[in-house]
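Working notes, beginning with the structure itself.
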Amino acid sequence: MMPIEIRTSSFDPWEEINLHQQKMGKDGQFGATASFVGTMRDINEGEPVQSMTLEHYPGMTEKHLQEICADASQKWDLIDTLVIHRVGEIEIADPIVLVCVWSAHRAEAFDACRFIMEDLKSKAPFWKQESTTEGKRWVEKNTPG
Amino acid sequence: MMPIEIRTSSFDPWEEINLHQQKMGKDGQFGATASFVGTMRDINEGEPVQSMTLEHYPGMTEKHLQEICADASQKWDLIDTLVIHRVGEIEIADPIVLVCVWSAHRAEAFDACRFIMEDLKSKAPFWKQESTTEGKRWVEKNTPG
Amino acid sequence: MNITVKYFASLREQMGKAEELLTLSKATPIAEVWENVSGETSSDNILMAINMEYVKPDAIVEEGDEVAFFPPVTGG
Amino acid sequence: MNITVKYFASLREQMGKAEELLTLSKATPIAEVWENVSGETSSDNILMAINMEYVKPDAIVEEGDEVAFFPPVTGG
């Protein structure tokens, strides 16, 4: 089982990577760590955004994140992966998603990190609702990757 | 000027990213942070490695890292970049290189992070000498990216 | 046969509920379940899942299934 | 004319020094400087820089230049 976490409160992605790496105990084995952090911006599609609510489908979300990481581990020779995703009320500058991949060499880490992130964006059942001065609106599509 | 650092002692890449991000003061502007960390492995080309010495060309190295980051900033719309590279005596599991890129959207961050890393590998004047049980040997080429 | 139907995000708001229990007379294509609950004849732009797996509109819903309808996902 | 020549990594070991000052009678292609200092006729697999910029073997070395010779780089 790959480490997948859905968080209902703010998290520090760099501390999470650090902690996870210590727990892994694979010092000397990994030569490459690629990570991606998605963070809440104060603007979207040209309009100021005040906050956001992230809804998900409990159960299906975790299942799909697991499948995405398992797919990545089949495609590339990986040492470990870590995915953390926020749900609930999100403030500006809060981290929303963390994807981190450890491997022996850099090509695998880069490729797998991006693959997991793109797959997560297109498949994992999460929905963003933004609060603007005009009221609330559901985000209808993600920016292209 | 892009933040470029050559370090003679061990560094914690996650703490460096965290500190740099706080100093940046661009909360709410960046939506994407892509990072890569290269770490010393205990094996290379099938042989156990005990430690490594990293030599560089002081002056030219910094100049080229600056140019690489400036090139990336011309190619993509980036908010900031951070590059830290170790030199000197390196122990197993020590971070060797950190590349981190902040941008509004994820495609730019992924592309620029990988570009900087590949360009650094092919152009920045650093040389690795490994210590094995058989003695010291210069690394003759990098693994393909 | 009894099934559970879940709605998420804008569809949850549109339906005015997050979940309901339905009784079907027989195994039914999921697109028909959608037409029944929504009163709409099209399921364009609606994602459908049975037991937490994405399915196509012609997938058959069976006794005890957990069915879900939701808009395109926007996580990450 | 006077120039500084630097050697790095395996070339530093091969030359037995990290740096030397040379006097040239005139502006000279960098490949010729390499031949003079190394006694080798080929510069395959040797990287060359003048004033911290990579150059080709036919680049001309001028008074006061800092010239460097080194093997392929292996950082990162």
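Identifiers in the structure tokens: chain A, B, ... in order shown; residue index from 1 per chain; ligand index from 1 in order shown.
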
For D:Gly75: contacts at 6 Å, only C-alpha atoms, fewer than 3 positions along chain excluded, given as a list in words: Lys121, Phe126 and Trp127 of chain B

Go ahead and save the picked residues with N, CA, C and O atoms, as a PDB file, in the first residue's frame.
```
ATOM      1  N   LYS B 121      23.318  19.428 -15.125  1.00  0.00           N
ATOM      2  CA  LYS B 121      24.080  18.176 -15.290  1.00  0.00           C
ATOM      3  C   LYS B 121      25.005  18.234 -16.502  1.00  0.00           C
ATOM      4  O   LYS B 121      26.072  17.646 -16.508  1.00  0.00           O
ATOM      5  N   PHE B 126      31.125  20.848 -12.430  1.00  0.00           N
ATOM      6  CA  PHE B 126      31.299  20.060 -11.199  1.00  0.00           C
ATOM      7  C   PHE B 126      31.873  18.711 -11.631  1.00  0.00           C
ATOM      8  O   PHE B 126      31.541  18.214 -12.721  1.00  0.00           O
ATOM      9  N   TRP B 127      32.664  18.107 -10.754  1.00  0.00           N
ATOM     10  CA  TRP B 127      33.197  16.773 -11.043  1.00  0.00           C
ATOM     11  C   TRP B 127      33.150  15.929  -9.782  1.00  0.00           C
ATOM     12  O   TRP B 127      33.552  16.389  -8.711  1.00  0.00           O
TER      13      TRP B 127
END
```

What lies within 8 Å of stretch 43-50 of chain B using only C-alpha atoms, ignoring chain neighbours under 4 positions off, as a list in words?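 Once the adjacent positions are removed, what remains is Gly28 and Gln29 of chain A; Glu91, Ile92, Glu130, Ser131, Thr132 and Thr133 of chain B.
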
What would the file look like if the residues just selected were written as a PDB file, in the first residue's frame with N, CA, C and O atoms?
```pdb
ATOM      1  N   GLY A  28      20.724   6.185   1.272  1.00  0.00           N
ATOM      2  CA  GLY A  28      21.762   5.574   0.445  1.00  0.00           C
ATOM      3  C   GLY A  28      21.200   4.831  -0.742  1.00  0.00           C
ATOM      4  O   GLY A  28      21.924   4.491  -1.666  1.00  0.00           O
ATOM      5  N   GLN A  29      19.868   4.569  -0.729  1.00  0.00           N
ATOM      6  CA  GLN A  29      19.252   3.864  -1.865  1.00  0.00           C
ATOM      7  C   GLN A  29      18.673   4.825  -2.896  1.00  0.00           C
ATOM      8  O   GLN A  29      18.805   4.608  -4.090  1.00  0.00           O
TER       9      GLN A  29
ATOM     10  N   GLU B  91      28.978  12.599   2.158  1.00  0.00           N
ATOM     11  CA  GLU B  91      28.715  11.286   2.747  1.00  0.00           C
ATOM     12  C   GLU B  91      27.467  10.673   2.125  1.00  0.00           C
ATOM     13  O   GLU B  91      26.613  11.384   1.591  1.00  0.00           O
ATOM     14  N   ILE B  92      27.334   9.375   2.261  1.00  0.00           N
ATOM     15  CA  ILE B  92      26.148   8.668   1.767  1.00  0.00           C
ATOM     16  C   ILE B  92      24.881   9.278   2.373  1.00  0.00           C
ATOM     17  O   ILE B  92      24.862   9.592   3.561  1.00  0.00           O
ATOM     18  N   GLU B 130      34.602   9.365  -6.674  1.00  0.00           N
ATOM     19  CA  GLU B 130      34.063   8.425  -5.691  1.00  0.00           C
ATOM     20  C   GLU B 130      35.171   7.664  -4.972  1.00  0.00           C
ATOM     21  O   GLU B 130      36.184   7.331  -5.586  1.00  0.00           O
ATOM     22  N   SER B 131      34.938   7.364  -3.698  1.00  0.00           N
ATOM     23  CA  SER B 131      35.841   6.480  -2.952  1.00  0.00           C
ATOM     24  C   SER B 131      35.171   5.124  -2.809  1.00  0.00           C
ATOM     25  O   SER B 131      34.078   5.025  -2.245  1.00  0.00           O
ATOM     26  N   THR B 132      35.828   4.104  -3.341  1.00  0.00           N
ATOM     27  CA  THR B 132      35.314   2.736  -3.214  1.00  0.00           C
ATOM     28  C   THR B 132      36.369   1.907  -2.490  1.00  0.00           C
ATOM     29  O   THR B 132      37.451   2.412  -2.193  1.00  0.00           O
ATOM     30  N   THR B 133      36.040   0.642  -2.214  1.00  0.00           N
ATOM     31  CA  THR B 133      37.034  -0.223  -1.566  1.00  0.00           C
ATOM     32  C   THR B 133      38.262  -0.420  -2.460  1.00  0.00           C
ATOM     33  O   THR B 133      39.338  -0.752  -1.990  1.00  0.00           O
TER      34      THR B 133
END
```

Counting only C-alpha atoms, what is within 8 Å of D:Phe8, bar same-chain residues fewer than 3 positions away, as a VMD selection string? (chain B and resid 55 to 57) or (chain D and resid 11 to 13 18 68 to 71)

Please, could you write that set of residues out with N, CA and C atoms as an mmCIF file, in the first residue's frame?
```cif
data_model
loop_
_atom_site.group_PDB
_atom_site.id
_atom_site.type_symbol
_atom_site.label_atom_id
_atom_site.label_comp_id
_atom_site.auth_asym_id
_atom_site.auth_seq_id
_atom_site.Cartn_x
_atom_site.Cartn_y
_atom_site.Cartn_z
ATOM 1 N N GLU B 55 34.266 18.390 -6.809
ATOM 2 C CA GLU B 55 35.126 19.531 -7.152
ATOM 3 C C GLU B 55 34.321 20.470 -8.048
ATOM 4 N N HIS B 56 34.623 21.744 -8.008
ATOM 5 C CA HIS B 56 33.970 22.665 -8.952
ATOM 6 C C HIS B 56 34.950 23.744 -9.383
ATOM 7 N N TYR B 57 34.515 24.569 -10.307
ATOM 8 C CA TYR B 57 35.334 25.662 -10.827
ATOM 9 C C TYR B 57 34.737 26.945 -10.241
ATOM 10 N N LEU D 11 42.061 16.009 -15.060
ATOM 11 C CA LEU D 11 43.109 16.734 -15.791
ATOM 12 C C LEU D 11 44.067 17.444 -14.834
ATOM 13 N N ARG D 12 43.557 17.896 -13.715
ATOM 14 C CA ARG D 12 44.403 18.511 -12.687
ATOM 15 C C ARG D 12 45.404 17.481 -12.171
ATOM 16 N N GLU D 13 44.895 16.251 -11.945
ATOM 17 C CA GLU D 13 45.786 15.187 -11.471
ATOM 18 C C GLU D 13 46.806 14.802 -12.545
ATOM 19 N N ALA D 18 47.049 22.589 -10.420
ATOM 20 C CA ALA D 18 45.709 23.144 -10.583
ATOM 21 C C ALA D 18 45.731 24.377 -11.473
ATOM 22 N N ALA D 68 40.788 27.504 -19.148
ATOM 23 C CA ALA D 68 40.610 26.310 -18.314
ATOM 24 C C ALA D 68 40.409 25.078 -19.176
ATOM 25 N N PHE D 69 40.967 23.965 -18.717
ATOM 26 C CA PHE D 69 40.784 22.664 -19.370
ATOM 27 C C PHE D 69 40.240 21.681 -18.356
ATOM 28 N N PHE D 70 39.217 20.944 -18.755
ATOM 29 C CA PHE D 70 38.656 19.962 -17.808
ATOM 30 C C PHE D 70 37.889 18.860 -18.528
ATOM 31 N N PRO D 71 37.673 17.730 -17.834
ATOM 32 C CA PRO D 71 36.925 16.605 -18.418
ATOM 33 C C PRO D 71 35.422 16.901 -18.409
#
```

Extract, using only C-alpha atoms, all DNA, RNA and protein residues at most 10 Å from C:Pro57, discarding same-chain residues fewer than 4 positions from it, and format them as a list in words.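 Result of the neighbour search: Pro29, Ile30, Ala31, Glu32, Val33, Trp34, Ser43, Asp44, Ile46, Leu47, Met48 and Ala49 of chain C.
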
I need the residues in chain D that are strand (DSSP E) according to DSSP; give them as an MDAnalysis selection string. chainID D and resid 2:7 19:23 28:29 47:50 53:54 60:61 66:70

Write down, as a PyMOL selection string, each residue of chain A that has any atom within 6 Å of an atom of chain B, counting only C-alpha atoms. chain A and resi 14+27-29+31-42+92-93+107+145

Can I get the selection written as a PDB file, in the first residue's frame, with N, CA, C and O atoms?
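So result-v3.pdb came out as:
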```pdb
ATOM      1  N   TRP A  14       6.853  20.340   3.231  1.00  0.00           N
ATOM      2  CA  TRP A  14       8.304  20.075   3.365  1.00  0.00           C
ATOM      3  C   TRP A  14       8.568  19.263   4.620  1.00  0.00           C
ATOM      4  O   TRP A  14       9.419  18.363   4.626  1.00  0.00           O
ATOM      5  N   ASP A  27      17.947   5.421   3.280  1.00  0.00           N
ATOM      6  CA  ASP A  27      19.125   6.264   3.067  1.00  0.00           C
ATOM      7  C   ASP A  27      20.197   5.523   2.269  1.00  0.00           C
ATOM      8  O   ASP A  27      20.520   4.386   2.581  1.00  0.00           O
ATOM      9  N   GLY A  28      20.724   6.185   1.272  1.00  0.00           N
ATOM     10  CA  GLY A  28      21.762   5.574   0.445  1.00  0.00           C
ATOM     11  C   GLY A  28      21.200   4.831  -0.742  1.00  0.00           C
ATOM     12  O   GLY A  28      21.924   4.491  -1.666  1.00  0.00           O
ATOM     13  N   GLN A  29      19.868   4.569  -0.729  1.00  0.00           N
ATOM     14  CA  GLN A  29      19.252   3.864  -1.865  1.00  0.00           C
ATOM     15  C   GLN A  29      18.673   4.825  -2.896  1.00  0.00           C
ATOM     16  O   GLN A  29      18.805   4.608  -4.090  1.00  0.00           O
ATOM     17  N   GLY A  31      18.489   8.173  -5.048  1.00  0.00           N
ATOM     18  CA  GLY A  31      19.382   9.204  -5.545  1.00  0.00           C
ATOM     19  C   GLY A  31      18.598  10.393  -6.062  1.00  0.00           C
ATOM     20  O   GLY A  31      19.163  11.422  -6.415  1.00  0.00           O
ATOM     21  N   ALA A  32      17.270  10.228  -6.139  1.00  0.00           N
ATOM     22  CA  ALA A  32      16.434  11.246  -6.763  1.00  0.00           C
ATOM     23  C   ALA A  32      15.112  11.382  -6.014  1.00  0.00           C
ATOM     24  O   ALA A  32      14.450  10.388  -5.735  1.00  0.00           O
ATOM     25  N   THR A  33      14.745  12.602  -5.700  1.00  0.00           N
ATOM     26  CA  THR A  33      13.452  12.892  -5.074  1.00  0.00           C
ATOM     27  C   THR A  33      12.813  14.036  -5.855  1.00  0.00           C
ATOM     28  O   THR A  33      13.364  15.132  -5.894  1.00  0.00           O
ATOM     29  N   ALA A  34      11.692  13.746  -6.503  1.00  0.00           N
ATOM     30  CA  ALA A  34      10.981  14.797  -7.236  1.00  0.00           C
ATOM     31  C   ALA A  34       9.676  15.063  -6.509  1.00  0.00           C
ATOM     32  O   ALA A  34       8.971  14.130  -6.134  1.00  0.00           O
ATOM     33  N   SER A  35       9.364  16.342  -6.311  1.00  0.00           N
ATOM     34  CA  SER A  35       8.120  16.645  -5.613  1.00  0.00           C
ATOM     35  C   SER A  35       7.355  17.746  -6.319  1.00  0.00           C
ATOM     36  O   SER A  35       7.928  18.548  -7.061  1.00  0.00           O
ATOM     37  N   PHE A  36       6.054  17.741  -6.091  1.00  0.00           N
ATOM     38  CA  PHE A  36       5.202  18.815  -6.583  1.00  0.00           C
ATOM     39  C   PHE A  36       4.254  19.219  -5.469  1.00  0.00           C
ATOM     40  O   PHE A  36       3.671  18.361  -4.798  1.00  0.00           O
ATOM     41  N   VAL A  37       4.115  20.526  -5.276  1.00  0.00           N
ATOM     42  CA  VAL A  37       3.142  21.042  -4.310  1.00  0.00           C
ATOM     43  C   VAL A  37       2.215  22.006  -5.040  1.00  0.00           C
ATOM     44  O   VAL A  37       2.675  22.924  -5.718  1.00  0.00           O
ATOM     45  N   GLY A  38       0.913  21.761  -4.939  1.00  0.00           N
ATOM     46  CA  GLY A  38      -0.084  22.691  -5.470  1.00  0.00           C
ATOM     47  C   GLY A  38      -0.594  23.536  -4.323  1.00  0.00           C
ATOM     48  O   GLY A  38      -0.909  23.001  -3.256  1.00  0.00           O
ATOM     49  N   THR A  39      -0.644  24.839  -4.538  1.00  0.00           N
ATOM     50  CA  THR A  39      -0.941  25.778  -3.456  1.00  0.00           C
ATOM     51  C   THR A  39      -2.095  26.684  -3.866  1.00  0.00           C
ATOM     52  O   THR A  39      -2.215  27.048  -5.036  1.00  0.00           O
ATOM     53  N   MET A  40      -2.911  27.079  -2.912  1.00  0.00           N
ATOM     54  CA  MET A  40      -4.062  27.936  -3.202  1.00  0.00           C
ATOM     55  C   MET A  40      -3.610  29.353  -3.557  1.00  0.00           C
ATOM     56  O   MET A  40      -2.920  30.004  -2.787  1.00  0.00           O
ATOM     57  N   ARG A  41      -4.034  29.808  -4.730  1.00  0.00           N
ATOM     58  CA  ARG A  41      -3.707  31.173  -5.174  1.00  0.00           C
ATOM     59  C   ARG A  41      -4.849  32.132  -4.811  1.00  0.00           C
ATOM     60  O   ARG A  41      -5.958  31.702  -4.529  1.00  0.00           O
ATOM     61  N   ASP A  42      -4.539  33.427  -4.869  1.00  0.00           N
ATOM     62  CA  ASP A  42      -5.554  34.422  -4.515  1.00  0.00           C
ATOM     63  C   ASP A  42      -6.311  34.912  -5.751  1.00  0.00           C
ATOM     64  O   ASP A  42      -7.080  35.874  -5.689  1.00  0.00           O
ATOM     65  N   ILE A  92      -6.076  31.013   1.379  1.00  0.00           N
ATOM     66  CA  ILE A  92      -5.049  31.416   0.426  1.00  0.00           C
ATOM     67  C   ILE A  92      -3.665  31.038   0.956  1.00  0.00           C
ATOM     68  O   ILE A  92      -3.391  31.213   2.143  1.00  0.00           O
ATOM     69  N   ALA A  93      -2.829  30.514   0.069  1.00  0.00           N
ATOM     70  CA  ALA A  93      -1.456  30.085   0.372  1.00  0.00           C
ATOM     71  C   ALA A  93      -1.384  28.744   1.099  1.00  0.00           C
ATOM     72  O   ALA A  93      -0.294  28.278   1.420  1.00  0.00           O
ATOM     73  N   ALA A 107      15.362  10.353 -13.909  1.00  0.00           N
ATOM     74  CA  ALA A 107      14.330  10.291 -14.948  1.00  0.00           C
ATOM     75  C   ALA A 107      13.030   9.692 -14.396  1.00  0.00           C
ATOM     76  O   ALA A 107      11.940  10.227 -14.622  1.00  0.00           O
ATOM     77  N   GLY A 145      -2.302  20.645 -17.978  1.00  0.00           N
ATOM     78  CA  GLY A 145      -0.986  20.320 -17.413  1.00  0.00           C
ATOM     79  C   GLY A 145       0.085  20.313 -18.464  1.00  0.00           C
ATOM     80  O   GLY A 145       1.205  19.975 -18.176  1.00  0.00           O
TER      81      GLY A 145
END
```

Taking the DSSP assignment computed from this structure's backbone, write out as number ranges by chain all residues of chain B that belong to helix (DSSP H, G or I). B: 13-24, 60-75, 106-123

Dump N, CA and C atoms for the selected residues as a compact mmCIF listing (two decimals), in the first residue's frame?
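Printed below is result-v4.txt as written:
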```
# COMPACT_ATOMS: atom_id res chain seq x y z
N PRO B 13 17.41 20.04 2.31
CA PRO B 13 16.73 20.69 1.17
C PRO B 13 15.33 21.19 1.52
N TRP B 14 14.63 20.45 2.40
CA TRP B 14 13.24 20.80 2.71
C TRP B 14 13.18 22.04 3.57
N GLU B 15 14.16 22.16 4.47
CA GLU B 15 14.24 23.36 5.29
C GLU B 15 14.62 24.56 4.41
N GLU B 16 15.51 24.31 3.44
CA GLU B 16 15.93 25.40 2.54
C GLU B 16 14.76 25.91 1.70
N ILE B 17 13.96 24.99 1.20
CA ILE B 17 12.79 25.40 0.40
C ILE B 17 11.84 26.21 1.27
N ASN B 18 11.60 25.69 2.46
CA ASN B 18 10.69 26.35 3.39
C ASN B 18 11.15 27.78 3.72
N LEU B 19 12.43 27.90 4.06
CA LEU B 19 12.99 29.22 4.39
C LEU B 19 12.92 30.15 3.19
N HIS B 20 13.29 29.62 2.03
CA HIS B 20 13.29 30.47 0.83
C HIS B 20 11.89 30.94 0.51
N GLN B 21 10.93 30.05 0.65
CA GLN B 21 9.54 30.39 0.35
C GLN B 21 9.02 31.48 1.30
N GLN B 22 9.43 31.39 2.55
CA GLN B 22 9.03 32.42 3.51
C GLN B 22 9.63 33.78 3.15
N LYS B 23 10.92 33.77 2.76
CA LYS B 23 11.60 35.01 2.38
C LYS B 23 11.01 35.62 1.12
N MET B 24 10.57 34.76 0.19
CA MET B 24 10.01 35.21 -1.09
C MET B 24 8.84 36.18 -0.89
N MET B 60 33.11 30.12 -12.36
CA MET B 60 32.42 29.64 -13.56
C MET B 60 31.16 28.86 -13.19
N THR B 61 31.23 28.09 -12.13
CA THR B 61 30.07 27.30 -11.72
C THR B 61 28.88 28.22 -11.39
N GLU B 62 29.11 29.20 -10.56
CA GLU B 62 28.05 30.13 -10.17
C GLU B 62 27.50 30.86 -11.40
N LYS B 63 28.42 31.29 -12.26
CA LYS B 63 28.03 32.01 -13.48
C LYS B 63 27.10 31.14 -14.35
N HIS B 64 27.46 29.86 -14.51
CA HIS B 64 26.65 29.00 -15.35
C HIS B 64 25.31 28.65 -14.70
N LEU B 65 25.31 28.46 -13.39
CA LEU B 65 24.03 28.19 -12.72
C LEU B 65 23.12 29.41 -12.86
N GLN B 66 23.68 30.58 -12.73
CA GLN B 66 22.90 31.81 -12.95
C GLN B 66 22.31 31.85 -14.36
N GLU B 67 23.14 31.52 -15.34
CA GLU B 67 22.70 31.56 -16.73
C GLU B 67 21.59 30.55 -16.99
N ILE B 68 21.74 29.36 -16.40
CA ILE B 68 20.73 28.31 -16.59
C ILE B 68 19.38 28.77 -16.02
N CYS B 69 19.42 29.36 -14.83
CA CYS B 69 18.16 29.83 -14.22
C CYS B 69 17.59 31.02 -15.00
N ALA B 70 18.45 31.87 -15.51
CA ALA B 70 17.98 33.00 -16.32
C ALA B 70 17.34 32.49 -17.61
N ASP B 71 17.95 31.49 -18.22
CA ASP B 71 17.37 30.86 -19.42
C ASP B 71 15.97 30.31 -19.12
N ALA B 72 15.86 29.61 -18.00
CA ALA B 72 14.56 29.02 -17.63
C ALA B 72 13.52 30.12 -17.44
N SER B 73 13.92 31.23 -16.84
CA SER B 73 12.99 32.33 -16.60
C SER B 73 12.58 33.04 -17.89
N GLN B 74 13.41 32.89 -18.91
CA GLN B 74 13.05 33.45 -20.22
C GLN B 74 12.06 32.54 -20.93
N LYS B 75 12.29 31.23 -20.76
CA LYS B 75 11.44 30.25 -21.45
C LYS B 75 10.06 30.13 -20.83
N ARG B 106 1.13 24.55 -12.93
CA ARG B 106 2.03 23.42 -12.75
C ARG B 106 2.91 23.10 -13.97
N ALA B 107 2.42 23.32 -15.19
CA ALA B 107 3.22 22.94 -16.35
C ALA B 107 4.57 23.66 -16.35
N GLU B 108 4.55 24.95 -16.08
CA GLU B 108 5.79 25.74 -16.05
C GLU B 108 6.75 25.23 -14.98
N ALA B 109 6.20 24.94 -13.80
CA ALA B 109 7.06 24.51 -12.69
C ALA B 109 7.73 23.17 -13.02
N PHE B 110 6.94 22.21 -13.52
CA PHE B 110 7.51 20.91 -13.90
C PHE B 110 8.57 21.06 -14.99
N ASP B 111 8.21 21.77 -16.06
CA ASP B 111 9.13 21.91 -17.19
C ASP B 111 10.42 22.60 -16.79
N ALA B 112 10.29 23.70 -16.06
CA ALA B 112 11.48 24.50 -15.72
C ALA B 112 12.37 23.75 -14.74
N CYS B 113 11.78 23.03 -13.80
CA CYS B 113 12.59 22.30 -12.82
C CYS B 113 13.44 21.25 -13.52
N ARG B 114 12.82 20.53 -14.43
CA ARG B 114 13.56 19.49 -15.13
C ARG B 114 14.62 20.08 -16.07
N PHE B 115 14.26 21.16 -16.75
CA PHE B 115 15.20 21.84 -17.64
C PHE B 115 16.44 22.31 -16.87
N ILE B 116 16.23 22.95 -15.73
CA ILE B 116 17.36 23.45 -14.94
C ILE B 116 18.25 22.29 -14.51
N MET B 117 17.62 21.20 -14.07
CA MET B 117 18.38 20.04 -13.60
C MET B 117 19.20 19.42 -14.74
N GLU B 118 18.59 19.25 -15.91
CA GLU B 118 19.32 18.64 -17.04
C GLU B 118 20.44 19.55 -17.52
N ASP B 119 20.16 20.84 -17.56
CA ASP B 119 21.17 21.78 -18.02
C ASP B 119 22.34 21.84 -17.04
N LEU B 120 22.01 21.81 -15.77
CA LEU B 120 23.04 21.80 -14.72
C LEU B 120 23.94 20.58 -14.90
N LYS B 121 23.32 19.43 -15.13
CA LYS B 121 24.08 18.18 -15.29
C LYS B 121 25.01 18.23 -16.50
N SER B 122 24.55 18.90 -17.58
CA SER B 122 25.37 18.88 -18.79
C SER B 122 26.34 20.05 -18.89
N LYS B 123 26.10 21.13 -18.14
CA LYS B 123 26.94 22.32 -18.32
C LYS B 123 27.70 22.82 -17.09
```

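With atom CA of B:Glu134 on one side and atom CA of D:Met15 on the other, the separation reads 23.0 Å.
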
Quick one: residues within 8 Å of B:Thr53, only C-alpha atoms counted, chain neighbours fewer than 4 positions away excluded, as JSON, numbers by chain? {"B": [87, 88, 89, 90, 128, 129, 130]}

Check which residues of chain D sit at most 6 Å from chain B using only C-alpha atoms, and return one row each with the closest pair of atoms and their distance in Å to one decimal, ordered by chain and rising number, as CSV.
```
residue,atom,partner,partner_atom,distance
D:Met52,CA,B:Met60,CA,4.9
D:Val73,CA,B:Pro125,CA,5.4
D:Thr74,CA,B:Trp127,CA,4.8
D:Gly75,CA,B:Phe126,CA,4.6
D:Gly76,CA,B:Lys121,CA,5.4
```

Quick one: everything within 10 Å of C:Glu62, counting only C-alpha atoms, minus sequence neighbours fewer than 5 positions away in the same chain. Send it as a count of residues only. 11
